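File shown: upload_19.cif. Contents: mmCIF, C-alpha atoms and all ligand atoms.
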```cif
data_my_file
#
loop_
_atom_site.label_atom_id
_atom_site.label_comp_id
_atom_site.auth_asym_id
_atom_site.auth_seq_id
_atom_site.Cartn_x
_atom_site.Cartn_y
_atom_site.Cartn_z
CA MET N 1218 150.47 296.34 2.88
CA LYS N 1219 147.98 296.18 0.04
CA GLY N 1220 150.78 295.68 -2.50
CA GLU N 1221 152.11 292.85 -0.34
CA LYS N 1222 148.67 291.16 -0.31
CA LEU N 1223 148.34 291.49 -4.08
CA GLN N 1224 151.69 289.82 -4.55
CA LEU N 1225 150.84 286.97 -2.18
CA HIS N 1226 147.52 286.13 -3.81
CA ILE N 1227 147.67 283.00 -5.97
CA PRO N 1228 144.49 282.28 -8.00
CA VAL N 1229 143.61 278.60 -7.64
CA ALA N 1230 143.87 276.31 -10.71
CA LEU N 1231 144.34 279.37 -12.91
CA ASP N 1232 145.77 277.63 -15.99
CA ARG N 1233 143.16 274.87 -15.75
CA CYS N 1234 140.31 277.40 -15.56
CA ILE N 1235 141.64 279.25 -18.60
CA ALA N 1236 142.07 276.00 -20.55
CA LEU N 1237 138.54 274.82 -19.72
CA LEU N 1238 136.95 278.16 -20.61
CA THR N 1239 138.99 278.76 -23.79
CA PRO N 1240 136.80 276.73 -26.22
CA ALA N 1241 133.76 278.70 -25.01
CA LEU N 1242 135.41 282.14 -25.09
CA ALA N 1243 137.51 281.72 -28.24
CA ARG N 1244 134.55 280.95 -30.55
CA ASN N 1245 133.06 284.44 -30.15
CA SER N 1246 134.66 287.71 -31.36
CA GLU N 1247 133.29 289.60 -28.33
CA PRO N 1248 132.88 287.01 -25.59
CA ILE N 1249 131.26 287.72 -22.24
CA LEU N 1250 132.18 285.97 -18.99
CA ILE N 1251 130.50 286.14 -15.60
CA ASP N 1252 133.01 285.98 -12.74
CA ALA N 1253 130.57 285.27 -9.92
CA THR N 1254 133.30 285.62 -7.27
CA LEU N 1255 135.66 288.41 -8.31
CA GLY N 1256 137.67 288.34 -5.05
CA MET N 1257 141.02 290.00 -5.61
CA GLY N 1258 140.50 289.76 -9.37
CA GLY N 1259 143.18 287.15 -10.09
CA HIS N 1260 141.17 284.92 -12.42
CA THR N 1261 139.45 287.84 -14.15
CA LYS N 1262 142.76 289.62 -14.77
CA ALA N 1263 144.35 286.55 -16.37
CA LEU N 1264 141.27 285.89 -18.53
CA LEU N 1265 141.18 289.52 -19.73
CA GLU N 1266 144.85 289.26 -20.65
CA SER N 1267 144.27 285.98 -22.52
CA PHE N 1268 141.22 287.28 -24.44
CA PRO N 1269 141.74 290.90 -25.57
CA SER N 1270 138.09 291.43 -26.55
CA LEU N 1271 136.61 289.68 -23.49
CA ARG N 1272 134.12 291.58 -21.33
CA VAL N 1273 133.57 290.43 -17.74
CA ILE N 1274 130.56 290.94 -15.51
CA ALA N 1275 131.99 290.41 -12.04
CA PHE N 1276 130.16 289.94 -8.73
CA ASP N 1277 131.41 290.21 -5.20
CA ARG N 1278 129.45 290.82 -2.02
CA ASP N 1279 132.55 292.24 -0.27
CA THR N 1280 133.37 295.90 -0.92
CA SER N 1281 136.95 295.53 0.29
CA ALA N 1282 137.53 292.66 -2.17
CA ILE N 1283 136.15 294.89 -4.93
CA ALA N 1284 138.55 297.70 -3.95
CA VAL N 1285 141.53 295.33 -4.13
CA ALA N 1286 140.30 293.84 -7.43
CA LYS N 1287 140.12 297.33 -8.97
CA GLU N 1288 143.78 297.83 -8.02
CA THR N 1289 144.73 294.42 -9.44
CA LEU N 1290 142.90 295.09 -12.69
CA GLY N 1291 144.22 298.61 -13.31
CA ASP N 1292 143.48 299.64 -16.92
CA LEU N 1293 141.87 296.27 -17.64
CA SER N 1294 138.92 297.32 -15.46
CA ASN N 1295 137.45 299.23 -18.42
CA ARG N 1296 136.35 295.82 -19.73
CA VAL N 1297 134.79 294.80 -16.42
CA THR N 1298 131.36 295.64 -15.01
CA ILE N 1299 131.71 295.19 -11.28
CA ILE N 1300 128.54 294.45 -9.33
CA HIS N 1301 128.52 294.69 -5.55
CA ALA N 1302 125.92 292.00 -4.91
CA VAL N 1303 125.36 288.41 -3.92
CA TYR N 1304 125.75 286.14 -6.94
CA ASP N 1305 122.15 284.99 -6.75
CA GLN N 1306 121.44 288.31 -8.50
CA ILE N 1307 122.87 287.02 -11.81
CA ALA N 1308 119.53 286.84 -13.67
CA SER N 1309 118.26 290.29 -12.62
CA THR N 1310 121.67 291.89 -13.25
CA LEU N 1311 121.89 290.48 -16.79
CA GLU N 1312 118.39 291.77 -17.46
CA GLU N 1313 119.34 295.25 -16.20
CA LEU N 1314 122.46 295.21 -18.39
CA SER N 1315 120.39 293.94 -21.39
CA VAL N 1316 122.74 290.96 -21.72
CA THR N 1317 120.79 288.01 -23.12
CA SER N 1318 123.49 285.33 -22.87
CA VAL N 1319 127.10 284.80 -21.85
CA ASP N 1320 129.89 282.51 -23.05
CA GLY N 1321 131.44 281.50 -19.75
CA VAL N 1322 130.82 281.53 -16.01
CA LEU N 1323 133.36 281.07 -13.23
CA PHE N 1324 132.58 280.43 -9.56
CA ASP N 1325 135.57 280.30 -7.19
CA LEU N 1326 133.56 279.71 -4.04
CA GLY N 1327 134.03 280.62 -0.41
CA VAL N 1328 136.16 283.23 1.28
CA SER N 1329 139.34 284.67 -0.19
CA SER N 1330 142.80 284.44 1.34
CA MET N 1331 142.50 288.19 1.94
CA GLN N 1332 139.31 287.75 3.99
CA LEU N 1333 140.97 284.99 6.02
CA ASP N 1334 144.10 287.08 6.55
CA GLU N 1335 142.21 290.13 7.79
CA ALA N 1336 141.91 289.11 11.44
CA GLU N 1337 139.24 291.71 12.21
CA ARG N 1338 136.78 290.01 9.83
CA GLY N 1339 136.46 287.15 12.34
CA PHE N 1340 136.81 284.25 9.86
CA ALA N 1341 139.96 282.82 11.45
CA TYR N 1342 139.74 280.84 14.71
CA SER N 1343 143.44 281.35 15.35
CA GLN N 1344 143.31 285.16 15.55
CA GLU N 1345 141.62 287.30 18.19
CA ALA N 1346 138.78 289.33 16.59
CA PRO N 1347 135.08 290.20 16.97
CA LEU N 1348 132.81 287.34 15.81
CA ASP N 1349 131.69 288.97 12.56
CA MET N 1350 132.18 286.57 9.56
CA ARG N 1351 130.01 288.60 7.17
CA MET N 1352 131.44 288.68 3.64
CA ASP N 1353 129.37 291.84 3.13
CA GLN N 1354 129.92 293.94 6.23
CA SER N 1355 127.27 296.44 5.16
CA THR N 1356 124.34 294.12 5.81
CA GLY N 1357 122.99 291.11 7.73
CA SER N 1358 123.62 289.42 11.07
CA SER N 1359 127.12 288.74 12.37
CA ALA N 1360 128.19 285.39 13.84
CA LEU N 1361 127.88 286.93 17.31
CA ASP N 1362 124.28 288.05 16.58
CA ILE N 1363 123.48 284.46 15.62
CA LEU N 1364 125.24 282.93 18.64
CA ASN N 1365 123.39 285.34 20.95
CA SER N 1366 119.92 285.05 19.43
CA TYR N 1367 119.39 281.50 18.07
CA SER N 1368 117.66 278.88 20.19
CA ARG N 1369 119.59 275.84 21.43
CA SER N 1370 118.01 273.58 18.81
CA ASP N 1371 118.68 276.02 15.95
CA LEU N 1372 122.33 276.38 16.94
CA ILE N 1373 122.72 272.60 17.17
CA GLN N 1374 121.15 272.24 13.73
CA VAL N 1375 123.55 274.84 12.21
CA ILE N 1376 126.70 273.40 13.80
CA ARG N 1377 125.73 269.77 13.15
CA THR N 1378 124.61 270.27 9.55
CA TYR N 1379 127.01 272.89 8.22
CA GLY N 1380 129.98 271.89 10.38
CA GLU N 1381 129.33 268.13 10.23
CA GLU N 1382 130.18 268.32 13.95
CA LYS N 1383 129.09 265.36 16.07
CA PHE N 1384 129.69 267.19 19.35
CA ALA N 1385 127.30 270.02 18.39
CA PRO N 1386 124.98 269.61 21.45
CA ARG N 1387 127.90 269.84 23.93
CA ILE N 1388 129.35 272.86 22.10
CA VAL N 1389 125.98 274.62 22.06
CA ASP N 1390 125.34 273.95 25.76
CA ASN N 1391 128.66 275.62 26.54
CA ILE N 1392 127.90 278.49 24.14
CA ILE N 1393 124.64 279.11 25.98
CA VAL N 1394 126.36 279.18 29.39
CA ALA N 1395 129.01 281.55 28.01
CA ARG N 1396 126.53 283.89 26.31
CA GLU N 1397 124.46 284.15 29.49
CA SER N 1398 127.52 285.07 31.54
CA GLY N 1399 128.83 287.54 28.91
CA ARG N 1400 131.92 285.37 28.24
CA LEU N 1401 131.30 285.03 24.51
CA LYS N 1402 132.55 287.95 22.43
CA SER N 1403 135.52 287.07 20.27
CA THR N 1404 136.82 284.36 17.93
CA LYS N 1405 139.24 283.25 20.68
CA ASP N 1406 136.33 282.89 23.17
CA LEU N 1407 134.45 280.67 20.72
CA ALA N 1408 137.52 278.62 19.81
CA GLU N 1409 138.15 278.05 23.54
CA ILE N 1410 134.51 277.01 24.16
CA VAL N 1411 134.67 274.51 21.30
CA LYS N 1412 137.94 273.07 22.57
CA GLU N 1413 136.52 272.65 26.09
CA SER N 1414 133.41 270.92 24.67
CA ILE N 1415 135.22 268.23 22.71
CA PRO N 1416 136.44 265.16 24.64
CA ALA N 1417 140.25 264.97 24.82
CA PRO N 1418 140.64 261.79 22.70
CA ALA N 1419 138.61 263.38 19.85
CA ARG N 1420 140.76 266.55 20.04
CA ARG N 1421 143.88 264.65 19.06
CA THR N 1422 142.75 264.04 15.48
CA GLY N 1423 141.44 266.14 12.62
CA GLY N 1424 143.24 269.49 13.16
CA ASN N 1425 141.90 272.40 15.20
CA PRO N 1426 138.53 271.39 16.71
CA ALA N 1427 137.15 274.91 16.14
CA LYS N 1428 137.42 274.56 12.36
CA ARG N 1429 134.07 272.80 11.91
CA THR N 1430 132.11 275.20 14.15
CA PHE N 1431 133.64 278.24 12.42
CA GLN N 1432 132.77 276.78 8.99
CA ALA N 1433 129.20 276.19 10.15
CA LEU N 1434 128.75 279.74 11.42
CA ARG N 1435 130.30 281.25 8.30
CA ILE N 1436 127.89 279.27 6.11
CA GLU N 1437 124.91 280.38 8.24
CA VAL N 1438 125.99 284.05 8.44
CA ASN N 1439 126.39 284.30 4.66
CA GLN N 1440 123.61 281.83 3.73
CA GLU N 1441 126.25 280.29 1.48
CA LEU N 1442 124.42 277.11 0.50
CA GLU N 1443 121.04 278.72 -0.19
CA VAL N 1444 122.53 281.41 -2.43
CA LEU N 1445 124.57 278.84 -4.35
CA GLU N 1446 121.45 276.74 -4.92
CA ARG N 1447 119.65 279.80 -6.26
CA ALA N 1448 122.60 281.05 -8.33
CA LEU N 1449 123.54 277.88 -10.25
CA PRO N 1450 120.31 277.63 -12.30
CA GLN N 1451 120.60 281.34 -13.15
CA ALA N 1452 124.21 280.91 -14.30
CA LEU N 1453 123.40 277.80 -16.36
CA ASN N 1454 120.40 279.49 -17.88
CA ALA N 1455 122.54 282.47 -18.95
CA LEU N 1456 124.94 280.35 -21.01
CA SER N 1457 124.69 280.34 -24.80
CA VAL N 1458 125.05 277.05 -26.71
CA GLY N 1459 128.77 276.21 -26.58
CA GLY N 1460 129.16 278.20 -23.35
CA ARG N 1461 130.88 276.65 -20.32
CA ILE N 1462 130.70 276.97 -16.56
CA VAL N 1463 133.56 276.15 -14.18
CA VAL N 1464 132.90 275.86 -10.44
CA MET N 1465 135.55 275.42 -7.75
CA ALA N 1466 134.28 274.38 -4.30
CA TYR N 1467 136.39 274.07 -1.17
CA GLN N 1468 134.06 272.16 1.12
CA SER N 1469 131.92 269.10 0.55
CA LEU N 1470 128.51 270.70 1.22
CA GLU N 1471 129.03 273.21 -1.61
CA ASP N 1472 130.54 270.61 -3.91
CA LYS N 1473 127.52 268.33 -3.36
CA ILE N 1474 125.20 271.14 -4.52
CA VAL N 1475 127.27 271.67 -7.68
CA LYS N 1476 127.48 267.92 -8.36
CA LYS N 1477 123.72 267.52 -7.99
CA ALA N 1478 122.90 270.53 -10.20
CA PHE N 1479 125.29 269.35 -12.94
CA ALA N 1480 124.00 265.74 -12.74
CA ALA N 1481 120.42 266.96 -13.20
CA ILE N 1482 121.07 269.14 -16.26
CA THR N 1483 123.24 266.60 -18.06
CA GLN N 1484 120.51 263.97 -17.87
CA SER N 1485 118.16 263.28 -20.77
CA GLY N 1486 114.45 263.50 -20.00
CA THR N 1487 113.78 260.53 -22.31
CA PRO N 1488 112.58 257.44 -20.39
CA LEU N 1489 115.25 254.76 -19.97
CA GLY N 1490 115.28 252.11 -22.69
CA LEU N 1491 114.33 254.28 -25.69
CA PRO N 1492 117.04 254.16 -28.40
CA ILE N 1493 116.93 257.90 -29.21
CA ASP N 1494 116.04 261.03 -27.27
CA LEU N 1495 112.42 262.16 -27.54
CA PRO N 1496 112.01 265.67 -29.07
CA ASN N 1497 112.89 268.43 -26.55
CA SER N 1498 113.98 265.95 -23.91
CA ALA N 1499 117.69 265.60 -24.80
CA ALA N 1500 120.03 266.99 -22.15
CA LYS N 1501 120.95 270.64 -22.71
CA PHE N 1502 124.36 270.26 -21.05
CA ASN N 1503 127.27 267.83 -21.36
CA PHE N 1504 130.02 267.10 -18.85
CA VAL N 1505 133.36 268.56 -19.91
CA LEU N 1506 134.92 266.70 -16.98
CA ARG N 1507 133.47 263.42 -15.78
CA GLY N 1508 133.25 263.92 -12.03
CA SER N 1509 135.53 266.45 -10.38
CA GLU N 1510 139.18 267.40 -10.48
CA GLY N 1511 141.52 268.60 -7.73
CA ALA N 1512 144.57 270.85 -7.90
CA SER N 1513 147.95 269.33 -8.78
CA ASP N 1514 150.37 268.25 -6.03
CA VAL N 1515 152.73 271.03 -7.11
CA GLU N 1516 150.00 273.65 -6.69
CA ILE N 1517 148.91 272.25 -3.32
CA ALA N 1518 152.53 272.36 -2.11
CA ALA N 1519 152.66 276.08 -3.04
CA ASN N 1520 149.14 276.95 -1.84
CA SER N 1521 147.64 274.71 0.83
CA ARG N 1522 144.17 276.23 0.31
CA ALA N 1523 144.04 274.47 -3.09
CA GLY N 1524 144.17 271.11 -1.27
CA SER N 1525 140.44 270.88 -0.61
CA MET N 1526 139.36 272.30 -3.99
CA ARG N 1527 137.06 270.29 -6.29
CA LEU N 1528 136.57 271.67 -9.79
CA ARG N 1529 133.60 270.79 -12.03
CA CYS N 1530 132.77 271.94 -15.56
CA VAL N 1531 129.84 271.50 -17.96
CA GLU N 1532 129.06 272.88 -21.43
CA ARG N 1533 125.73 273.91 -22.90
CA VAL N 1534 125.03 271.83 -25.99
CA ALA N 1535 121.41 272.76 -26.81
CA ALA N 1536 119.18 275.81 -26.44
C1 LIG R 1601 137.83 282.48 -3.30
S1 LIG R 1601 137.51 284.16 -3.49
C2 LIG R 1601 137.69 284.45 -5.20
C3 LIG R 1601 139.11 284.72 -5.63
C4 LIG R 1601 139.23 285.16 -7.06
N1 LIG R 1601 138.88 284.12 -7.99
C5 LIG R 1601 140.60 285.69 -7.33
O1 LIG R 1601 141.32 285.13 -8.20
O2 LIG R 1601 141.00 286.66 -6.70
C6 LIG R 1601 135.78 284.27 -3.31
C7 LIG R 1601 135.23 285.67 -3.37
O3 LIG R 1601 133.84 285.52 -3.65
C8 LIG R 1601 133.09 286.36 -2.82
N2 LIG R 1601 131.84 285.67 -2.59
C9 LIG R 1601 131.65 284.50 -1.92
N3 LIG R 1601 130.36 284.16 -1.93
C10 LIG R 1601 129.72 285.13 -2.64
C11 LIG R 1601 128.35 285.34 -3.01
N4 LIG R 1601 127.41 284.49 -2.63
N5 LIG R 1601 128.06 286.41 -3.77
C12 LIG R 1601 129.02 287.28 -4.16
N6 LIG R 1601 130.32 287.15 -3.81
C13 LIG R 1601 130.66 286.09 -3.07
C14 LIG R 1601 133.91 286.54 -1.56
O4 LIG R 1601 133.60 287.79 -0.97
C15 LIG R 1601 135.35 286.47 -2.10
O5 LIG R 1601 135.84 287.75 -2.36
#
```
Kindly present the structure from the file in structure tokens form.
Ligand SMILES: C[S@@+](CC[C@H](N)C(=O)[O-])C[C@H]1O[C@@H](n2cnc3c(N)ncnc32)[C@H](O)[C@@H]1O
Amino acid sequence: MKGEKLQLHIPVALDRCIALLTPALARNSEPILIDATLGMGGHTKALLESFPSLRVIAFDRDTSAIAVAKETLGDLSNRVTIIHAVYDQIASTLEELSVTSVDGVLFDLGVSSMQLDEAERGFAYSQEAPLDMRMDQSTGSSALDILNSYSRSDLIQVIRTYGEEKFAPRIVDNIIVARESGRLKSTKDLAEIVKESIPAPARRTGGNPAKRTFQALRIEVNQELEVLERALPQALNALSVGGRIVVMAYQSLEDKIVKKAFAAITQSGTPLGLPIDLPNSAAKFNFVLRGSEGASDVEIAANSRAGSMRLRCVERVAA
């Protein structure tokens, strides 16, 4: 089964990531890359094969992803330092490893196809499973813990903000009835509650109505937006001059955080109207891509997950 999963895994925008990172990695005889989201190791493996002296510091908060990545990497893993941690530990990890700067950083955000395929993880609304949704199953509250313990207003806030769900109050009222009667245990129970809460005309558009509520809970369970906000400055700070960062986001809330962080660091601190940058106020980063890029139609046809991907890239140009 594991072999089958390895074969099925297609790293998103692989050639594009390699092309964007190449100028940063090729200028150094012993380049270092941070893969903040190792997953099944697809991107890291291809980068190690492309750059024979590359070393990778790879993070993943999911021990089962790490186990699969080790299999994928085989002998290449002797050039990889794998860290089982949330990627907002980049700064402290580099300090522990005595690494002062890196040449490239890759973030391939969100859950992996493996996590979605493993029904028992509870990420998929279409498969019966306990409501877990933790990327790191060794720590933290599950989705069911959150559904059972949050107040009505906190649940509405989570589902409205992270799911961009306009029927959040109706969904939460039904969640509260179900949790009090012991009818809320599995992914199927939640998917059913969401379906019952959404008026029939609204159910006919926009795919499965449970999608938005599941996304919201997953974000809350894993604190996905907060950790990304903390991690990006650490990753940018770790880059040497000439180093590049590539981020792929699959939902708009994450992409907005990346867009905002990149806009801020590519802006000069010199007041508008002055002909040249004041000393120390020139931007330290330049856009490699203006705006964002999606996957090609050919890739999306082969891998539907790539359809929602937005890729952004900046380069450090000053210390
Ligand atoms: C989309 S997959 C990465 C796939 C990978 N690029 C590949 O080619 O196999 C995202 C991975 O990042 C991990 N992940 C997501 N958020 C994380 C975080 N905040 N800290 C550490 N790992 C995270 C997930 O557990 C998952 O394994």
Determine the nearest neighbour of ligand LIG 1601 (chain R) from the options N:Arg1396, N:Arg1244, N:Arg1529, N:Arg1447, counting only C-alpha atoms and all ligand atoms.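 Closest to ligand LIG 1601 (chain R) of all the choices is N:Arg1447.
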Report the closest atom pair, with its distance in Å rounded to one decimal, for each residue of chain N that has an atom no farther than 8 Å from ligand LIG 1601 (chain R); count only C-alpha atoms and all ligand atoms, sort by chain and then rising residue number, and write it as CSV.
```
residue,atom,partner,partner_atom,distance
N:His1226,CA,R:LIG1601,O2,7.2
N:Ile1227,CA,R:LIG1601,O1,7.1
N:Pro1228,CA,R:LIG1601,O1,4.3
N:Val1229,CA,R:LIG1601,O1,6.9
N:Asp1252,CA,R:LIG1601,N1,7.8
N:Ala1253,CA,R:LIG1601,C12,6.3
N:Thr1254,CA,R:LIG1601,O3,3.7
N:Leu1255,CA,R:LIG1601,C4,5.0
N:Gly1256,CA,R:LIG1601,O5,3.3
N:Met1257,CA,R:LIG1601,O2,3.5
N:Gly1258,CA,R:LIG1601,O2,4.1
N:Gly1259,CA,R:LIG1601,O1,3.3
N:His1260,CA,R:LIG1601,O1,4.2
N:Thr1261,CA,R:LIG1601,O1,6.8
N:Phe1276,CA,R:LIG1601,C12,5.4
N:Asp1277,CA,R:LIG1601,N6,3.5
N:Arg1278,CA,R:LIG1601,C12,4.2
N:Asp1279,CA,R:LIG1601,O4,4.6
N:Ala1282,CA,R:LIG1601,O5,5.2
N:Ile1283,CA,R:LIG1601,O5,7.6
N:Ala1286,CA,R:LIG1601,O2,7.3
N:His1301,CA,R:LIG1601,C12,7.6
N:Ala1302,CA,R:LIG1601,C12,5.7
N:Val1303,CA,R:LIG1601,N5,3.4
N:Tyr1304,CA,R:LIG1601,N5,3.9
N:Asp1305,CA,R:LIG1601,N4,6.7
N:Phe1324,CA,R:LIG1601,N1,7.5
N:Asp1325,CA,R:LIG1601,C1,5.0
N:Leu1326,CA,R:LIG1601,C6,5.1
N:Gly1327,CA,R:LIG1601,C9,4.8
N:Val1328,CA,R:LIG1601,C6,4.7
N:Ser1329,CA,R:LIG1601,S1,3.8
N:Ser1330,CA,R:LIG1601,C1,7.1
N:Met1331,CA,R:LIG1601,O5,7.9
N:Gln1332,CA,R:LIG1601,O5,7.2
N:Met1352,CA,R:LIG1601,O4,5.2
N:Asp1353,CA,R:LIG1601,O4,7.1
N:Asn1439,CA,R:LIG1601,N4,7.4
N:Gln1440,CA,R:LIG1601,N4,7.9
N:Glu1441,CA,R:LIG1601,N4,6.0
N:Val1444,CA,R:LIG1601,N4,5.8
N:Leu1445,CA,R:LIG1601,N4,6.6
```
Atom CA of N:Val1273 to atom CA of N:Gly1459, straight-line distance in Å: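 Atom-to-atom, atom CA of N:Gly1459 to atom CA of N:Val1273, that is 17.4 Å.
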At most 8 Å is the cut-off: for each residue in stretch 1414-1527 of chain N with any atom that close to an atom of stretch 1333-1344 of chain N, write down the nearest atom pair and the distance in Å rounded to one decimal, counting all atoms listed in the file, chain first then increasing number, as CSV.
```
residue,atom,partner,partner_atom,distance
N:Ala1427,CA,N:Tyr1342,CA,6.6
N:Lys1428,CA,N:Tyr1342,CA,7.1
N:Phe1431,CA,N:Tyr1342,CA,7.0
N:Arg1435,CA,N:Phe1340,CA,7.3
```
Identify, on the basis of only C-alpha atoms, every residue whose closest approach to N:Arg1387 does not exceed 10 Å; exclude the query and any residue fewer than 3 positions from it along the same chain; express the result as a PDB file with C-alpha atoms, keeping the file's coordinate frame.
```
ATOM      1  CA  ILE N1373     122.720 272.600  17.170  1.00  0.00           C
ATOM      2  CA  LYS N1383     129.090 265.360  16.070  1.00  0.00           C
ATOM      3  CA  PHE N1384     129.690 267.190  19.350  1.00  0.00           C
ATOM      4  CA  ASP N1390     125.340 273.950  25.760  1.00  0.00           C
ATOM      5  CA  ASN N1391     128.660 275.620  26.540  1.00  0.00           C
ATOM      6  CA  ILE N1392     127.900 278.490  24.140  1.00  0.00           C
ATOM      7  CA  ILE N1410     134.510 277.010  24.160  1.00  0.00           C
ATOM      8  CA  VAL N1411     134.670 274.510  21.300  1.00  0.00           C
ATOM      9  CA  GLU N1413     136.520 272.650  26.090  1.00  0.00           C
ATOM     10  CA  SER N1414     133.410 270.920  24.670  1.00  0.00           C
ATOM     11  CA  ILE N1415     135.220 268.230  22.710  1.00  0.00           C
ATOM     12  CA  PRO N1416     136.440 265.160  24.640  1.00  0.00           C
TER      13      PRO N1416
END
```
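Minimum distance to N:Ala1535 across N:Ala1346, N:Val1464, N:Val1458, N:Ile1235 (counting only C-alpha atoms) occurs at N:Val1458.
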Quote the spacing between atom CA of N:Leu1449 and atom CA of N:Gln1354 in Å to one decimal place. 23.9 Å
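Across the model, the gap from atom CA of N:Ala1448 to atom CA of N:Lys1262 is 22.8 Å.
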Which of these, N:Leu1364, N:Val1515, N:Ala1241, N:Leu1314, has the shortest distance to N:Ile1274 once you count all atoms listed in the file?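 For N:Ile1274, the nearest of the candidates is N:Leu1314.
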Could you tell me which of N:Arg1272, N:Arg1233, N:Arg1522, N:Lys1501 comes closest to N:Ile1299 if we count all atoms listed in the file?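 The shortest atom-to-atom distance to N:Ile1299 comes from N:Arg1272.
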